[in-house]
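> Enclosed is the structure file coords.cif (mmCIF, C-alpha atoms).
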data_entry
loop_
_atom_site.label_atom_id
_atom_site.label_comp_id
_atom_site.auth_asym_id
_atom_site.auth_seq_id
_atom_site.Cartn_x
_atom_site.Cartn_y
_atom_site.Cartn_z
CA MET L 1368 -26.50 -39.39 -51.60
CA ALA L 1369 -29.81 -37.59 -51.86
CA VAL L 1370 -30.54 -36.82 -55.47
CA SER L 1371 -33.05 -34.33 -56.84
CA ARG L 1372 -34.78 -34.04 -53.47
CA LYS L 1373 -35.25 -30.31 -54.02
CA LEU L 1374 -36.79 -30.98 -57.40
CA LYS L 1375 -39.13 -33.66 -56.09
CA SER L 1376 -40.14 -31.31 -53.30
CA LYS L 1377 -40.68 -28.49 -55.79
CA LEU L 1378 -42.88 -30.75 -57.90
CA GLY L 1379 -44.98 -31.50 -54.85
CA THR L 1380 -44.24 -35.18 -54.34
CA LYS L 1381 -43.16 -37.32 -51.46
CA LYS L 1382 -39.84 -39.12 -51.34
CA SER L 1383 -39.60 -42.22 -53.46
CA GLY L 1384 -37.16 -45.04 -54.11
CA GLY L 1385 -35.02 -45.48 -57.15
CA GLY L 1386 -31.72 -46.58 -58.54
CA PHE L 1387 -29.38 -43.60 -58.52
CA VAL L 1388 -27.35 -44.66 -55.49
CA CYS L 1389 -27.01 -48.13 -56.95
CA LEU L 1390 -26.01 -46.68 -60.31
CA MET L 1391 -23.47 -44.37 -58.73
CA GLY L 1392 -22.28 -47.10 -56.34
CA CYS L 1393 -21.27 -49.22 -59.31
CA ILE L 1394 -18.64 -46.57 -60.08
CA ASN L 1395 -16.24 -46.95 -57.26
CA GLY L 1396 -10.45 -45.45 -58.87
CA LYS L 1397 -4.66 -44.51 -63.04
CA SER L 1398 -4.00 -41.82 -65.29
CA VAL L 1399 -3.36 -38.24 -64.30
CA LEU L 1400 -6.22 -35.77 -64.44
CA THR L 1401 -5.23 -32.54 -66.18
CA GLU L 1402 -5.05 -29.31 -64.24
CA GLU L 1403 -7.69 -27.87 -66.55
CA ASP L 1404 -10.06 -30.74 -65.76
CA ILE L 1405 -9.51 -30.39 -62.03
CA ASP L 1406 -10.12 -26.64 -62.17
CA PHE L 1407 -13.22 -27.06 -64.31
CA ILE L 1408 -14.79 -29.70 -62.07
CA ALA L 1409 -13.88 -27.85 -58.88
CA LYS L 1410 -15.38 -24.64 -60.25
CA ASN L 1411 -18.59 -26.29 -61.44
CA THR L 1412 -19.22 -28.61 -58.49
CA ALA L 1413 -18.03 -26.61 -55.47
CA MET L 1414 -15.69 -29.51 -54.60
CA ASP L 1415 -12.12 -28.79 -53.56
CA ARG L 1416 -9.26 -30.03 -55.72
CA SER L 1417 -8.20 -32.83 -53.38
CA LYS L 1418 -11.69 -34.25 -53.36
CA VAL L 1419 -11.88 -34.11 -57.16
CA GLU L 1420 -8.60 -36.02 -57.41
CA ALA L 1421 -9.82 -38.63 -54.89
CA GLN L 1422 -13.05 -39.10 -56.84
CA TYR L 1423 -11.04 -39.54 -60.03
CA GLN L 1424 -8.95 -42.35 -58.53
CA ASN L 1425 -12.19 -43.98 -57.40
CA PHE L 1426 -13.60 -43.62 -60.92
CA LEU L 1427 -10.47 -45.13 -62.47
CA SER L 1428 -10.66 -48.22 -60.26
CA GLN L 1429 -13.71 -49.26 -62.25
CA HIS L 1430 -12.86 -47.56 -65.55
CA PRO L 1431 -9.06 -47.70 -66.06
CA ASP L 1432 -9.18 -45.87 -69.39
CA GLY L 1433 -10.98 -42.95 -67.74
CA ARG L 1434 -14.22 -43.36 -69.66
CA ILE L 1435 -17.49 -45.25 -69.29
CA SER L 1436 -18.43 -47.07 -72.47
CA LYS L 1437 -22.00 -47.86 -73.49
CA LYS L 1438 -21.28 -51.51 -72.71
CA SER L 1439 -20.10 -50.65 -69.18
CA PHE L 1440 -23.10 -48.40 -68.67
CA HIS L 1441 -25.38 -51.26 -69.75
CA GLU L 1442 -23.81 -53.55 -67.15
CA MET L 1443 -24.25 -50.89 -64.48
CA MET L 1444 -27.92 -50.47 -65.32
CA LYS L 1445 -28.44 -54.25 -65.25
CA GLU L 1446 -26.89 -54.34 -61.79
CA CYS L 1447 -29.21 -51.61 -60.58
CA TYR L 1448 -32.32 -53.15 -62.14
CA PRO L 1449 -31.83 -56.93 -62.02
CA GLY L 1450 -34.32 -58.92 -64.07
CA THR L 1451 -35.43 -55.82 -65.99
CA ASP L 1452 -34.82 -54.99 -69.64
CA THR L 1453 -33.12 -51.60 -69.33
CA GLU L 1454 -31.59 -51.43 -72.81
CA LYS L 1455 -34.06 -49.01 -74.40
CA LEU L 1456 -34.19 -46.44 -71.62
CA GLU L 1457 -30.49 -46.59 -70.79
CA ARG L 1458 -29.71 -45.05 -74.21
CA HIS L 1459 -31.64 -41.98 -73.12
CA ILE L 1460 -30.00 -41.81 -69.68
CA PHE L 1461 -26.56 -42.29 -71.26
CA ARG L 1462 -27.23 -39.31 -73.55
CA MET L 1463 -27.77 -37.06 -70.52
CA TYR L 1464 -24.18 -37.74 -69.41
CA ASP L 1465 -22.50 -37.86 -72.82
CA THR L 1466 -22.70 -34.15 -73.47
CA ASN L 1467 -20.15 -34.11 -76.30
CA ASP L 1468 -21.87 -37.06 -78.00
CA ASP L 1469 -18.67 -39.09 -78.48
CA GLY L 1470 -20.17 -42.38 -77.29
CA HIS L 1471 -18.40 -42.36 -73.91
CA ILE L 1472 -18.87 -40.70 -70.53
CA ASP L 1473 -15.63 -39.17 -69.32
CA PHE L 1474 -14.89 -38.16 -65.74
CA ARG L 1475 -15.67 -34.51 -66.32
CA GLU L 1476 -19.07 -35.28 -67.84
CA PHE L 1477 -19.83 -37.77 -65.10
CA MET L 1478 -18.97 -35.45 -62.23
CA ILE L 1479 -20.88 -32.46 -63.60
CA VAL L 1480 -24.11 -34.45 -64.01
CA LEU L 1481 -23.62 -36.18 -60.66
CA TYR L 1482 -23.19 -32.85 -58.91
CA ILE L 1483 -26.14 -31.18 -60.63
CA MET L 1484 -28.48 -34.10 -59.97
CA SER L 1485 -27.42 -34.28 -56.31
CA SER L 1486 -26.85 -30.63 -55.39
CA GLY L 1487 -28.19 -28.48 -58.21
CA SER L 1488 -31.30 -26.33 -58.21
CA PRO L 1489 -34.60 -27.75 -59.51
CA GLU L 1490 -34.08 -25.76 -62.71
CA GLU L 1491 -30.58 -27.22 -63.18
CA ASN L 1492 -31.95 -30.73 -62.60
CA LEU L 1493 -34.57 -30.14 -65.26
CA GLN L 1494 -31.98 -28.86 -67.74
CA GLN L 1495 -30.25 -32.24 -67.44
CA ILE L 1496 -33.50 -34.21 -67.67
CA PHE L 1497 -34.43 -32.26 -70.81
CA ARG L 1498 -31.49 -34.01 -72.52
CA VAL L 1499 -33.17 -37.35 -71.85
CA PHE L 1500 -36.26 -36.26 -73.78
CA ASP L 1501 -34.36 -34.47 -76.57
CA ILE L 1502 -33.36 -37.65 -78.40
CA ASN L 1503 -31.72 -36.05 -81.46
CA ASN L 1504 -30.01 -33.29 -79.44
CA ASP L 1505 -31.47 -30.48 -81.54
CA GLY L 1506 -32.51 -28.38 -78.55
CA ALA L 1507 -36.23 -29.19 -78.75
CA ILE L 1508 -38.57 -32.08 -77.92
CA SER L 1509 -40.90 -33.30 -80.65
CA LEU L 1510 -44.11 -35.27 -80.06
CA LYS L 1511 -42.47 -38.26 -81.73
CA GLU L 1512 -39.55 -38.09 -79.28
CA LEU L 1513 -41.89 -37.79 -76.31
CA LYS L 1514 -43.90 -40.83 -77.43
CA ARG L 1515 -40.71 -42.87 -77.73
CA ILE L 1516 -39.56 -41.87 -74.24
CA VAL L 1517 -42.95 -42.78 -72.78
CA LYS L 1518 -42.87 -46.17 -74.48
CA ASP L 1519 -39.33 -46.96 -73.32
CA LEU L 1520 -39.95 -45.61 -69.82
CA PHE L 1521 -43.06 -47.70 -69.28
CA HIS L 1522 -41.17 -50.70 -70.60
CA LEU L 1523 -38.56 -50.24 -67.85
CA ILE L 1524 -41.04 -49.91 -65.00
CA ASN L 1525 -43.16 -52.82 -66.25
CA GLU L 1526 -46.39 -50.84 -66.25
CA LYS L 1527 -48.87 -53.63 -66.99
CA ASP L 1528 -51.90 -51.43 -67.64
CA ALA L 1529 -50.18 -48.96 -69.96
CA ASP L 1530 -51.29 -50.11 -73.41
CA GLN L 1531 -50.22 -48.26 -76.55
CA ALA L 1532 -53.34 -46.09 -76.58
CA SER L 1533 -52.89 -44.87 -73.01
CA GLN L 1534 -49.19 -44.23 -73.63
CA ASP L 1535 -50.05 -42.10 -76.65
CA VAL L 1536 -52.64 -40.15 -74.67
CA LEU L 1537 -50.12 -39.49 -71.88
CA ALA L 1538 -47.44 -38.34 -74.33
CA THR L 1539 -49.83 -36.16 -76.35
CA THR L 1540 -51.36 -34.55 -73.27
CA ALA L 1541 -47.97 -33.85 -71.72
CA PHE L 1542 -46.73 -32.41 -75.00
CA THR L 1543 -49.73 -30.07 -75.21
CA GLU L 1544 -49.04 -28.88 -71.65
CA MET L 1545 -45.40 -28.17 -72.46
CA ASP L 1546 -45.79 -26.60 -75.91
CA GLU L 1547 -46.86 -23.21 -74.63
CA ASN L 1548 -46.54 -21.36 -77.93
CA ASN L 1549 -48.10 -24.19 -79.98
CA ASP L 1550 -45.26 -24.34 -82.50
CA GLY L 1551 -45.11 -28.14 -82.55
CA GLN L 1552 -41.96 -28.49 -80.46
CA VAL L 1553 -40.99 -28.02 -76.82
CA SER L 1554 -38.01 -25.85 -75.99
CA GLU L 1555 -35.91 -26.32 -72.87
CA GLU L 1556 -37.51 -23.21 -71.39
CA GLU L 1557 -41.03 -24.51 -72.05
CA PHE L 1558 -40.14 -27.90 -70.58
CA ILE L 1559 -38.75 -26.39 -67.38
CA LYS L 1560 -41.67 -23.98 -67.07
CA ALA L 1561 -44.29 -26.76 -67.43
CA CYS L 1562 -42.59 -28.87 -64.78
CA MET L 1563 -42.02 -26.00 -62.36
CA ARG L 1564 -45.67 -25.02 -62.69
CA GLN L 1565 -46.56 -28.63 -61.82
CA LYS L 1566 -48.50 -29.32 -64.99
CA LYS L 1567 -50.05 -32.71 -64.30
CA PHE L 1568 -48.81 -34.94 -67.11
CA SER L 1569 -45.52 -33.12 -67.64
CA THR L 1570 -44.73 -33.59 -63.97
CA MET L 1571 -45.81 -37.23 -64.06
CA LEU L 1572 -43.36 -38.05 -66.85
CA THR L 1573 -40.51 -36.08 -65.32
CA LEU L 1574 -40.94 -37.79 -61.98
CA ARG L 1575 -40.71 -41.17 -63.69
CA ILE L 1576 -37.27 -40.15 -64.92
CA ILE L 1577 -36.26 -38.75 -61.52
CA ASP L 1578 -37.26 -42.00 -59.83
CA ILE L 1579 -34.42 -43.69 -61.72
CA PHE L 1580 -32.00 -41.44 -59.83
CA VAL L 1581 -33.56 -40.87 -56.42
CA SER L 1582 -32.80 -43.11 -53.46
CA GLU L 1583 -34.61 -43.53 -50.18
#
Translate the structure described by the file into structure tokens.

Amino acid sequence: MAVSRKLKSKLGTKKSGGGFVCLMGCINGKSVLTEEDIDFIAKNTAMDRSKVEAQYQNFLSQHPDGRISKKSFHEMMKECYPGTDTEKLERHIFRMYDTNDDGHIDFREFMIVLYIMSSGSPEENLQQIFRVFDINNDGAISLKELKRIVKDLFHLINEKDADQASQDVLATTAFTEMDENNDGQVSEEEFIKACMRQKKFSTMLTLRIIDIFVSE
């Protein structure tokens, strides 16, 4: 499944490889999905009800209790990135899915993010990616949060030349680009605006996150 192609195109980049198809392929499904859940997912993903039910059975084949735990998510990430230490960054990716912050990813949460990242608009993609950067879920990105994401992200991609000083410069420069009103924090609106305007360092960081999801 093509993921975030529209966003990558909007940000002015060529197609690149990544692990989303692998990550999603690890979730191949026995309880009954509620009518409310089916209606909600169908309404928010443009899928018909029969397809939602089929996807749920597929989901349950790998996650019989209907939820993805952090441990299961860790195993999925390891499968997608063999030989790589994914533990630090996977906490941030997990947070994007776990919208109610209960420590699990349920089917509804999973399907909404999957649909947005595969079929949503660039702005909708960026709303999801904002959750990766907003570590404490307070609706804003601080410089401290951005520095942590940069550090964990570069750890995942094994960037040999990215020493602490260069990571700090990247994070600080990107933060300055995003923080349009200079109030010391980046709102979701500012984040989306900086990326859509193709601000150099903001775009660079966002594309690093997207590359985790995009397949050839």
> Between L:Ile1479, L:Ala1538, L:Asn1503, L:Ala1561, which one has atoms that come closest to Ala1413 (chain L), using all atoms listed in the file?
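Smallest distance to Ala1413 (chain L) is found for L:Ile1479.
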> Using the chain letters and residue numbers of this document, give as a list in words the residues selected by the PyMOL selection byres ((chain L and resi 1513) around 10).
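Selected by the PyMOL selection byres ((chain L and resi 1513) around 10) in this file: Val1499, Phe1500, Asp1501, Ile1502, Ile1508, Ser1509, Leu1510, Lys1511, Glu1512, Lys1514, Arg1515, Ile1516, Val1517, Lys1518, Asp1519, Asp1535, Leu1537, Ala1538, Thr1539, Ala1541, Phe1542, Val1553 and Leu1572 of chain L.
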> Separation of CA of Phe1558 (chain L) and CA of Leu1574 (chain L), in Å?
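Atom-to-atom, CA of Phe1558 (chain L) to CA of Leu1574 (chain L), that is 13.1 Å.
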> Can you work out which one of L:Gln1494, L:Asn1425, L:Asn1549, L:Ser1488 has the shortest atom-to-atom distance to Met1463 (chain L), counting all atoms listed in the file?
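Looking at the shortest contact to Met1463 (chain L), the residue is L:Gln1494.
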> Go through L:Asp1468, L:Thr1570, L:Asp1578, L:Pro1449 and flag the residue nearest Lys1437 (chain L), using all atoms listed in the file for the distances.
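Of all the options, L:Asp1468 lies closest to Lys1437 (chain L).
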> For a quick check of understanding, using only C-alpha atoms, which of L:Phe1521, L:Phe1474, L:Phe1568, L:Tyr1448 has the smallest distance to Val1419 (chain L)?
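The closest residue to Val1419 (chain L) is L:Phe1474.
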> With distances taken over all atoms listed in the file, which of L:Asp1469, L:Asp1406, L:Glu1555, L:Asp1546 is nearest to Arg1498 (chain L)?
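Checking each candidate against Arg1498 (chain L), we get L:Glu1555 as the closest.
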> Please report the interatomic distance between CA of Asp1415 (chain L) and CA of Ile1577 (chain L) in Å with one decimal.
27.3 Å
> Please report the interatomic distance between CA of Asp1432 (chain L) and CA of Tyr1482 (chain L) in Å with one decimal.
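Those two atoms sit 21.8 Å apart.
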> Take every atom of region 1517-1522 of chain L listed in the file, fit an axis-aligned box around them, add 4 Å per side, and give the centre and edge lengths in Å to one decimal as AutoDock Vina command-line options.

--center_x -41.2 --center_y -46.7 --center_z -71.9 --size_x 11.7 --size_y 15.9 --size_z 13.2
> Please provide the set of residues having any atom within 12 Å of Asn1467 (chain L), restricted to all atoms listed in the file, with same-chain residues fewer than 5 positions apart removed, written as a count of residues only.
9
> From the set L:Ile1579, L:Lys1455, L:Glu1490, L:Leu1400, which residue has the shortest atom-to-atom contact distance to Gln1424 (chain L), counting all atoms listed in the file?
L:Leu1400
> Would you mind listing what lies within 12 Å of Met1478 (chain L) as a ChimeraX atom specification, with only C-alpha atoms counted and same-chain residues fewer than 2 positions away left out?
/L:1391,1394,1404-1405,1407-1414,1418-1420,1422-1423,1425-1426,1434,1464-1466,1472-1476,1480-1486
> Keeping C-alpha atoms for every residue in the selection just given, could you write it to a file as a short mmCIF file (atom, residue, chain, number, x, y, z; two decimals), keeping the file's coordinate frame?

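Written file, out-v8.cif:
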data_model
loop_
_atom_site.label_atom_id
_atom_site.label_comp_id
_atom_site.auth_asym_id
_atom_site.auth_seq_id
_atom_site.Cartn_x
_atom_site.Cartn_y
_atom_site.Cartn_z
CA MET L 1391 -23.47 -44.37 -58.73
CA ILE L 1394 -18.64 -46.57 -60.08
CA ASP L 1404 -10.06 -30.74 -65.76
CA ILE L 1405 -9.51 -30.39 -62.03
CA PHE L 1407 -13.22 -27.06 -64.31
CA ILE L 1408 -14.79 -29.70 -62.07
CA ALA L 1409 -13.88 -27.85 -58.88
CA LYS L 1410 -15.38 -24.64 -60.25
CA ASN L 1411 -18.59 -26.29 -61.44
CA THR L 1412 -19.22 -28.61 -58.49
CA ALA L 1413 -18.03 -26.61 -55.47
CA MET L 1414 -15.69 -29.51 -54.60
CA LYS L 1418 -11.69 -34.25 -53.36
CA VAL L 1419 -11.88 -34.11 -57.16
CA GLU L 1420 -8.60 -36.02 -57.41
CA GLN L 1422 -13.05 -39.10 -56.84
CA TYR L 1423 -11.04 -39.54 -60.03
CA ASN L 1425 -12.19 -43.98 -57.40
CA PHE L 1426 -13.60 -43.62 -60.92
CA ARG L 1434 -14.22 -43.36 -69.66
CA TYR L 1464 -24.18 -37.74 -69.41
CA ASP L 1465 -22.50 -37.86 -72.82
CA THR L 1466 -22.70 -34.15 -73.47
CA ILE L 1472 -18.87 -40.70 -70.53
CA ASP L 1473 -15.63 -39.17 -69.32
CA PHE L 1474 -14.89 -38.16 -65.74
CA ARG L 1475 -15.67 -34.51 -66.32
CA GLU L 1476 -19.07 -35.28 -67.84
CA VAL L 1480 -24.11 -34.45 -64.01
CA LEU L 1481 -23.62 -36.18 -60.66
CA TYR L 1482 -23.19 -32.85 -58.91
CA ILE L 1483 -26.14 -31.18 -60.63
CA MET L 1484 -28.48 -34.10 -59.97
CA SER L 1485 -27.42 -34.28 -56.31
CA SER L 1486 -26.85 -30.63 -55.39
#
